[in-house]
>>> print(open('target.tsv').read())   # TSV, C-alpha atoms
chain	number	residue	atom	x	y	z
A	1	MET	CA	180.70	28.06	-25.63
A	2	ASN	CA	179.46	31.18	-23.93
A	3	ILE	CA	181.95	33.90	-23.39
A	4	PRO	CA	181.31	36.04	-20.30
A	5	SER	CA	180.91	39.70	-20.80
A	6	GLY	CA	183.56	42.13	-19.68
A	7	LEU	CA	181.78	42.85	-16.31
A	8	GLU	CA	181.43	39.30	-15.07
A	9	PRO	CA	185.08	38.78	-14.04
A	10	TRP	CA	184.93	41.89	-11.89
A	11	SER	CA	181.75	40.70	-10.12
A	12	TRP	CA	183.44	37.43	-9.29
A	13	VAL	CA	186.44	39.23	-7.79
A	14	ALA	CA	184.21	41.59	-5.77
A	15	GLY	CA	182.35	38.64	-4.27
A	16	ILE	CA	185.58	37.02	-3.13
A	17	VAL	CA	186.84	40.30	-1.60
A	18	GLY	CA	183.52	40.96	0.20
A	19	THR	CA	183.51	37.50	1.72
A	20	GLY	CA	187.05	38.02	3.01
A	21	ILE	CA	186.23	41.36	4.54
A	22	ALA	CA	183.17	39.92	6.32
A	23	ALA	CA	185.24	37.04	7.69
A	24	VAL	CA	187.87	39.44	9.02
A	25	ALA	CA	185.20	41.63	10.66
A	26	LEU	CA	183.60	38.61	12.30
A	27	ALA	CA	186.94	37.45	13.65
A	28	ILE	CA	187.59	40.92	15.12
A	29	GLN	CA	184.14	40.98	16.81
A	30	ILE	CA	184.67	37.52	18.33
A	31	THR	CA	188.09	38.55	19.66
A	32	GLN	CA	186.72	41.76	21.20
A	33	TRP	CA	183.77	39.89	22.79
A	34	LYS	CA	186.14	37.35	24.39
A	35	LYS	CA	188.34	40.13	25.80
A	36	LYS	CA	185.31	41.97	27.22
A	37	LYS	CA	183.92	38.81	28.77
A	38	LYS	CA	187.27	38.00	30.39
A	39	LYS	CA	187.56	41.55	31.74
A	40	ASN	CA	184.03	41.49	33.22
A	41	SER	CA	184.56	38.10	34.78
A	42	GLU	CA	187.71	39.37	36.50
A	43	ARG	CA	185.86	42.45	37.77
A	44	SER	CA	182.75	40.89	39.35
A	45	PRO	CA	182.07	37.19	38.89
A	46	SER	CA	178.42	36.43	38.45
A	47	HIS	CA	178.60	32.68	38.52
A	48	SER	CA	177.36	30.67	41.49
A	49	ILE	CA	179.76	29.38	44.15
A	50	ARG	CA	178.88	26.44	46.36
A	51	GLN	CA	181.40	24.81	48.66
A	52	THR	CA	181.19	22.12	51.26
A	53	ALA	CA	183.63	22.07	54.15
A	54	GLY	CA	185.38	18.86	55.01
A	55	ASN	CA	186.17	17.61	58.50
A	56	SER	CA	189.57	19.33	58.60
A	57	SER	CA	188.54	22.49	56.79
A	58	VAL	CA	188.84	25.95	58.40
A	59	GLN	CA	185.78	27.14	56.51
A	60	ILE	CA	182.97	28.31	58.77
A	61	GLY	CA	180.52	29.54	56.16
A	62	SER	CA	179.25	28.44	52.75
A	63	VAL	CA	177.49	30.95	50.54
A	64	SER	CA	176.52	31.35	46.89
A	65	GLY	CA	176.62	34.27	44.51
A	66	SER	CA	179.11	37.09	44.86
A	67	ASN	CA	179.46	36.85	48.69
A	68	THR	CA	182.81	36.06	50.24
A	69	ILE	CA	183.36	32.84	52.13
A	70	THR	CA	184.40	33.77	55.66
A	71	ASN	CA	187.13	31.81	57.39
A	72	ASN	CA	189.22	32.25	60.51
A	73	VAL	CA	192.46	32.66	58.57
A	74	ASN	CA	191.78	35.50	56.15
A	75	HIS	CA	189.42	37.47	58.41
A	76	ASN	CA	190.91	36.93	61.89
A	77	TYR	CA	187.74	35.30	63.09
A	78	MET	CA	187.50	35.18	66.90
A	79	PRO	CA	184.69	33.22	68.51
A	80	ALA	CA	182.51	35.36	70.79
A	81	PRO	CA	183.46	34.93	74.47
A	82	PRO	CA	180.84	33.23	76.60
A	83	SER	CA	178.68	35.74	78.47
A	84	ARG	CA	179.17	35.81	82.25
A	85	ALA	CA	176.17	34.73	84.24
A	86	VAL	CA	174.53	37.52	86.24
A	87	ASP	CA	174.32	37.30	90.03
A	88	ILE	CA	170.50	37.23	90.06
A	89	PRO	CA	169.10	35.64	86.88
A	90	GLY	CA	165.69	36.79	85.70
A	91	ARG	CA	163.46	38.88	87.93
A	92	TRP	CA	164.64	40.88	90.92
A	93	SER	CA	164.82	38.94	94.19
A	94	ILE	CA	165.49	40.83	97.42
A	95	GLU	CA	166.22	37.58	99.25
A	96	ASP	CA	168.87	36.56	96.71
A	97	ALA	CA	170.36	40.04	96.90
A	98	LYS	CA	170.56	39.90	100.70
A	99	ARG	CA	172.21	36.48	100.54
A	100	ILE	CA	174.88	37.80	98.15
A	101	CYS	CA	175.51	40.85	100.36
A	102	HIS	CA	175.82	38.74	103.52
A	103	LYS	CA	178.36	36.55	101.74
A	104	HIS	CA	180.57	39.56	100.98
A	105	LEU	CA	180.11	40.98	104.47
A	106	GLY	CA	181.13	37.65	106.01
A	107	GLN	CA	184.24	37.41	103.82
A	108	ALA	CA	185.41	40.98	104.47
A	109	ASP	CA	188.55	41.69	106.53
A	110	TRP	CA	186.90	43.59	109.36
A	111	LYS	CA	190.11	43.73	111.38
A	112	LEU	CA	191.46	45.97	108.63
A	113	LEU	CA	188.26	47.80	107.72
A	114	ALA	CA	187.00	48.48	111.26
A	115	PRO	CA	189.71	47.79	113.86
A	116	ASP	CA	187.56	49.31	116.62
A	117	LEU	CA	184.98	46.51	116.30
A	118	GLU	CA	185.28	43.15	117.99
A	119	ASP	CA	183.79	39.78	117.11
A	120	PRO	CA	181.07	38.66	116.97
A	121	LEU	CA	179.66	41.15	114.49
A	122	ASN	CA	176.05	41.85	113.62
A	123	HIS	CA	175.21	42.74	109.99
A	124	ASP	CA	171.76	44.35	109.89
A	125	PHE	CA	169.81	45.05	106.71
A	126	VAL	CA	168.93	48.76	106.68
A	127	GLY	CA	166.95	49.09	103.47
A	128	SER	CA	166.69	48.73	99.70
A	129	PHE	CA	166.39	51.71	97.37
A	130	PHE	CA	165.53	51.75	93.66
A	131	GLN	CA	166.85	54.37	91.21
A	132	THR	CA	166.17	54.95	87.54
A	133	TYR	CA	168.65	56.85	85.39
A	134	LYS	CA	168.58	57.68	81.67
A	135	ILE	CA	170.12	54.37	80.63
A	136	LYS	CA	170.34	52.40	83.86
A	137	GLU	CA	168.19	50.89	86.59
A	138	GLU	CA	169.61	49.81	89.93
A	139	PHE	CA	168.84	48.70	93.46
A	140	VAL	CA	171.09	49.86	96.30
A	141	LEU	CA	171.08	47.75	99.45
A	142	ILE	CA	172.42	49.19	102.71
A	143	PHE	CA	173.70	47.22	105.71
A	144	SER	CA	174.98	48.37	109.10
A	145	THR	CA	177.66	46.47	111.00
A	146	ILE	CA	178.57	46.67	114.68
A	147	THR	CA	179.72	44.43	117.49
A	148	VAL	CA	176.86	42.41	118.98
A	149	ASP	CA	175.24	44.15	122.01
A	150	MET	CA	177.27	47.32	121.38
A	151	ASP	CA	174.58	49.98	121.99
A	152	CYS	CA	176.02	52.99	123.80
A	153	HIS	CA	175.00	56.51	122.81
A	154	ALA	CA	178.26	57.13	120.95
A	155	CYS	CA	178.30	53.68	119.32
A	156	ALA	CA	177.87	54.25	115.58
A	157	PRO	CA	177.74	51.31	113.15
A	158	TYR	CA	179.60	51.05	109.86
A	159	LEU	CA	177.48	51.38	106.72
A	160	SER	CA	178.00	49.24	103.59
A	161	PHE	CA	176.45	49.77	100.15
A	162	PHE	CA	175.75	47.24	97.37
A	163	GLU	CA	174.67	48.31	93.85
A	164	PHE	CA	172.75	45.81	91.70
A	165	VAL	CA	172.30	46.95	88.08
A	166	LYS	CA	169.66	45.66	85.65
A	167	GLU	CA	171.04	43.59	82.74
A	168	ASP	CA	169.30	41.73	79.91
A	169	ALA	CA	169.66	38.42	81.75
A	170	GLY	CA	168.82	39.70	85.24
A	171	TRP	CA	170.54	41.73	87.96
A	172	ASP	CA	174.28	41.99	88.54
A	173	LEU	CA	176.23	43.25	91.54
A	174	LYS	CA	178.44	45.94	89.97
A	175	ILE	CA	179.96	47.86	92.89
A	176	TYR	CA	179.96	47.44	96.63
A	177	ASP	CA	181.54	49.47	99.43
A	178	ILE	CA	181.96	47.64	102.74
A	179	ALA	CA	182.44	49.80	105.85
A	180	ALA	CA	182.15	52.95	103.73
A	181	TYR	CA	181.81	55.17	106.82
A	182	LYS	CA	180.32	55.32	110.35
A	183	ALA	CA	177.04	57.02	111.20
A	184	GLY	CA	174.36	56.82	113.88
A	185	SER	CA	174.14	56.21	117.62
A	186	TRP	CA	173.05	53.54	120.09
A	187	GLY	CA	174.37	50.97	117.63
A	188	LYS	CA	171.80	51.97	115.00
A	189	PRO	CA	172.15	53.98	111.77
A	190	PRO	CA	170.43	57.37	111.42
A	191	ASP	CA	167.33	57.94	109.33
A	192	LEU	CA	168.56	57.84	105.76
A	193	SER	CA	167.43	57.80	102.16
A	194	ILE	CA	169.05	57.58	98.75
A	195	LYS	CA	168.46	60.14	96.04
A	196	VAL	CA	169.71	60.61	92.50
A	197	ILE	CA	172.10	63.53	92.70
A	198	GLY	CA	173.59	63.58	89.21
A	199	ASP	CA	173.99	61.74	85.92
A	200	GLU	CA	174.11	58.09	87.08
A	201	LYS	CA	175.12	59.28	90.55
A	202	TYR	CA	173.36	58.75	93.85
A	203	ALA	CA	173.98	60.07	97.34
A	204	VAL	CA	172.99	59.02	100.83
A	205	PHE	CA	170.98	61.65	102.70
A	206	MET	CA	171.05	61.21	106.48
A	207	GLU	CA	169.05	63.18	109.01
A	208	ASP	CA	170.21	63.36	112.61
A	209	SER	CA	168.42	65.21	115.44
A	210	TYR	CA	169.46	66.29	118.91
A	211	MET	CA	167.23	67.38	121.79
A	212	ALA	CA	168.14	68.67	125.26
A	213	GLN	CA	165.90	70.51	127.72
A	214	GLY	CA	163.46	71.53	125.00
A	215	TRP	CA	166.10	72.76	122.54
A	216	THR	CA	166.18	70.89	119.23
A	217	VAL	CA	168.66	70.82	116.39
A	218	THR	CA	168.41	68.82	113.15
A	219	GLY	CA	171.14	68.40	110.59
A	220	THR	CA	171.29	66.71	107.18
A	221	SER	CA	174.52	65.20	105.90
A	222	ILE	CA	175.10	63.88	102.40
A	223	HIS	CA	177.57	61.19	101.42
A	224	ALA	CA	178.49	60.08	97.88
A	225	ARG	CA	181.20	58.13	96.12
A	226	ILE	CA	183.93	60.50	94.97
A	227	GLY	CA	186.53	58.57	93.03
A	228	ASP	CA	186.78	55.15	94.63
A	229	SER	CA	185.48	55.93	98.12
A	230	PHE	CA	182.52	57.49	99.95
A	231	LYS	CA	182.96	61.00	101.30
A	232	GLU	CA	180.81	63.53	103.10
A	233	ILE	CA	179.99	66.20	100.52
A	234	CYS	CA	177.53	68.29	102.54
A	235	ASN	CA	176.57	68.79	106.21
A	236	LEU	CA	173.86	71.37	106.70
A	237	LEU	CA	171.76	72.57	109.62
A	238	THR	CA	168.11	72.13	108.62
A	239	SER	CA	166.10	73.17	111.71
A	240	GLN	CA	166.28	74.74	115.16
A	241	GLY	CA	163.74	75.05	117.96
A	242	ASP	CA	163.54	76.46	121.48
A	243	PRO	CA	161.56	75.26	124.54
A	244	ASP	CA	158.73	77.71	123.69
A	245	GLY	CA	158.16	76.18	120.27
A	246	ASN	CA	159.81	78.95	118.26
A	247	GLY	CA	162.35	78.29	115.57
A	248	TRP	CA	162.68	77.52	111.88
A	249	THR	CA	162.87	74.58	109.52
A	250	GLY	CA	164.45	74.05	106.09
A	251	ARG	CA	163.59	71.90	103.09
A	252	LEU	CA	166.14	70.63	100.52
A	253	SER	CA	165.39	70.24	96.81
A	254	LEU	CA	167.64	68.93	94.05
A	255	ILE	CA	167.90	71.06	90.91
A	256	PRO	CA	169.15	69.12	87.83
A	257	THR	CA	172.11	70.55	85.93
A	258	ASN	CA	173.55	69.77	82.52
A	259	THR	CA	176.65	68.02	83.87
A	260	GLY	CA	178.03	66.74	87.15
A	261	PHE	CA	176.22	66.88	90.48
A	262	TYR	CA	172.87	68.63	90.78
A	263	ASP	CA	172.49	71.89	92.66
A	264	ILE	CA	170.83	71.88	96.09
A	265	GLU	CA	168.24	74.52	96.85
A	266	VAL	CA	167.28	75.15	100.49
A	267	ARG	CA	164.10	77.04	101.46
A	268	ARG	CA	163.48	77.94	105.10
A	269	GLU	CA	160.37	78.96	107.03
A	270	GLY	CA	160.01	80.48	110.49
A	271	ILE	CA	157.90	78.80	113.19
A	272	PRO	CA	155.29	80.00	113.81
A	273	GLY	CA	156.00	82.86	111.37
A	274	PRO	CA	158.71	84.57	109.27
A	275	GLU	CA	159.76	86.72	112.23
A	276	ASN	CA	161.25	83.56	113.76
A	277	LEU	CA	163.86	83.13	111.04
A	278	VAL	CA	166.54	83.84	113.62
A	279	PHE	CA	169.58	81.72	114.38
A	280	LEU	CA	169.45	80.19	117.87
A	281	ASP	CA	172.54	79.79	120.03
A	282	SER	CA	172.81	76.03	119.68
A	283	ALA	CA	175.00	75.16	116.69
A	284	HIS	CA	177.47	77.95	115.92
A	285	ASP	CA	179.65	75.73	113.71
A	286	PHE	CA	176.88	75.71	111.09
A	287	LYS	CA	175.81	79.35	111.32
A	288	ALA	CA	177.58	80.65	108.18
A	289	ASP	CA	175.67	78.25	105.94
A	290	VAL	CA	172.22	79.38	107.12
A	291	ALA	CA	172.41	82.92	108.58
A	292	ASP	CA	173.94	86.29	107.87
A	293	TYR	CA	176.25	88.16	110.24
A	294	ASP	CA	173.28	89.78	111.99
A	295	GLY	CA	171.87	86.39	112.96
A	296	LYS	CA	168.94	86.42	110.54
A	297	VAL	CA	168.35	83.06	108.88
A	298	ARG	CA	168.16	83.36	105.10
A	299	ALA	CA	164.88	82.35	103.51
A	300	ALA	CA	166.64	80.57	100.63
A	301	ASP	CA	170.11	79.41	99.52
A	302	THR	CA	171.60	77.52	96.61
A	303	PHE	CA	174.55	75.16	97.05
A	304	LYS	CA	176.78	73.99	94.21
A	305	PHE	CA	179.23	71.11	94.11
A	306	ASP	CA	182.85	72.25	93.60
A	307	GLY	CA	184.37	68.82	93.00
A	308	GLN	CA	184.85	68.03	96.69
A	309	ARG	CA	181.94	69.54	98.65
A	310	TYR	CA	178.81	71.60	98.25
A	311	ARG	CA	179.44	75.32	98.77
A	312	ARG	CA	176.87	78.08	99.17
A	313	GLU	CA	176.55	80.25	96.11
A	314	SER	CA	177.19	83.83	97.23
A	315	PRO	CA	175.05	86.73	95.93
A	316	ILE	CA	178.11	88.16	94.15
A	317	SER	CA	178.87	84.97	92.19
A	318	SER	CA	175.16	84.59	91.45
A	319	TYR	CA	175.02	88.15	90.13
A	320	ARG	CA	177.97	87.54	87.83
>>> encode(input="target.tsv", output="structure tokens")
Amino acid sequence: MNIPSGLEPWSWVAGIVGTGIAAVALAIQITQWKKKKKKNSERSPSHSIRQTAGNSSVQIGSVSGSNTITNNVNHNYMPAPPSRAVDIPGRWSIEDAKRICHKHLGQADWKLLAPDLEDPLNHDFVGSFFQTYKIKEEFVLIFSTITVDMDCHACAPYLSFFEFVKEDAGWDLKIYDIAAYKAGSWGKPPDLSIKVIGDEKYAVFMEDSYMAQGWTVTGTSIHARIGDSFKEICNLLTSQGDPDGNGWTGRLSLIPTNTGFYDIEVRREGIPGPENLVFLDSAHDFKADVADYDGKVRAADTFKFDGQRYRRESPISSYR
């Protein structure tokens, strides 16, 4: 029988102890790995999610991965409201626009809007005007309304305005003003045009002339929507003439501003020459806007909108 040396028992004990220590270390590593895995899974799941909605389910979406399933309970889902059809689908049609305008004119309460008119009424198409703004395109249609066969010199029709704005699906009637104001004579409206006068603002420019025994006077009035109604915002004398052909004439230009209504610049010329820039005794009510106290017509003026009307900018305020 072999007797082990004195070192062999200690080697046997060391082997048992080493095995135990390794087992304990392995157990600790497994425990730590499980805890880490659980923590990561709670933080951001990486497994795939696939769900199928049943007939009575409120689920409206099915996704996979880390996306959230959207439903109308947790996320207050509201279905998009159906878009309203535009008045003129697709391309612009002047005939469709006129038909829509005539419908509104026929349904209007003219007894309230124009009590001085009597049936039957005549709604005449005056014209169509196109404007382009920074972020908007529109057509403005104008109609005049007066009693049939009413054509005296002082008989002025009522003017109505209809604004059609370009939308993705076509053209839509956004705003209309029926019987906005009266203008013209002999049952007809004056010569008029529409011009952009501010940021998404337009105004109606009307020119009216008067002649008697060789004397002529021309005035330009401007109307625009202020608040919820049309108002006259400028009425300016723009020319005078005498029977001998002497006189002066003025030309209006719009000067863009940063905000609000544009400025109006007026430049005047004498006929036949600058010596004829003299105010004639024919329209004293408008003299202050075109001439100085000595009767000389100014060669140029600038008018600014004050919130209600256009006022001439005085040299003092201009200097300041």
>>> closest_atom_pairs(input="target.tsv", of="stretch 182-261 of chain A", to="stretch 285-288 of chain A", cutoff="10 Å", atoms="only C-alpha atoms", output="Markdown table")
| residue | atom | partner | partner_atom | distance |
| --- | --- | --- | --- | --- |
| A:Gly219 | CA | A:Phe286 | CA | 9.3 |
| A:Asn235 | CA | A:Phe286 | CA | 8.5 |
| A:Leu236 | CA | A:Phe286 | CA | 6.9 |
| A:Leu237 | CA | A:Phe286 | CA | 6.2 |
| A:Thr238 | CA | A:Phe286 | CA | 9.8 |
>>> atom_distance(input="target.tsv", atom1="atom CA of A:Val278", atom2="atom CA of A:Glu313")
20.5 Å
>>> closest_residue(input="target.tsv", among="A:Asp119, A:Glu163, A:Asp109, A:Asp172", to="A:Asp87", atoms="only C-alpha atoms")
A:Asp172
>>> closest_residue(input="target.tsv", among="A:Trp248, A:Phe130, A:Phe125, A:Phe139", to="A:Thr218", atoms="all atoms listed in the file")
A:Trp248
>>> atom_distance(input="target.tsv", atom1="atom CA of A:Ala212", atom2="atom CA of A:Ala283")
12.8 Å
>>> closest_residue(input="target.tsv", among="A:Thr302, A:Ser160, A:Gln308, A:Gln213", to="A:Lys231", atoms="all atoms listed in the file")
A:Gln308
>>> closest_residue(input="target.tsv", among="A:Gly227, A:Asp301, A:Met206, A:Arg311", to="A:Gly250", atoms="only C-alpha atoms")
A:Asp301
>>> residues_around(input="target.tsv", residues="A:Arg267", least_positions_apart="6", cutoff="9 Å", atoms="all atoms listed in the file", output="PyMOL selection string")
chain A and resi 249-253+298-302
>>> closest_atom_pairs(input="target.tsv", of="stretch 221-241 of chain A", to="stretch 185-192 of chain A", cutoff="12 Å", atoms="all atoms listed in the file", output="Markdown table")
| residue | atom | partner | partner_atom | distance |
| --- | --- | --- | --- | --- |
| A:Ser221 | CA | A:Leu192 | CA | 9.5 |
| A:Ile222 | CA | A:Leu192 | CA | 9.5 |
| A:His223 | CA | A:Leu192 | CA | 10.5 |
>>> residues_around(input="target.tsv", residues="A:Glu167", least_positions_apart="4", cutoff="9 Å", atoms="only C-alpha atoms", output="ChimeraX atom specification")
/A:86,136-137,171-172
>>> residues_near_point(input="target.tsv", point="(180.6, 48.0, 107.6)", cutoff="7 Å", atoms="all atoms listed in the file", output="VMD selection string")
chain A and resid 144 to 145 158 to 160 178 to 180
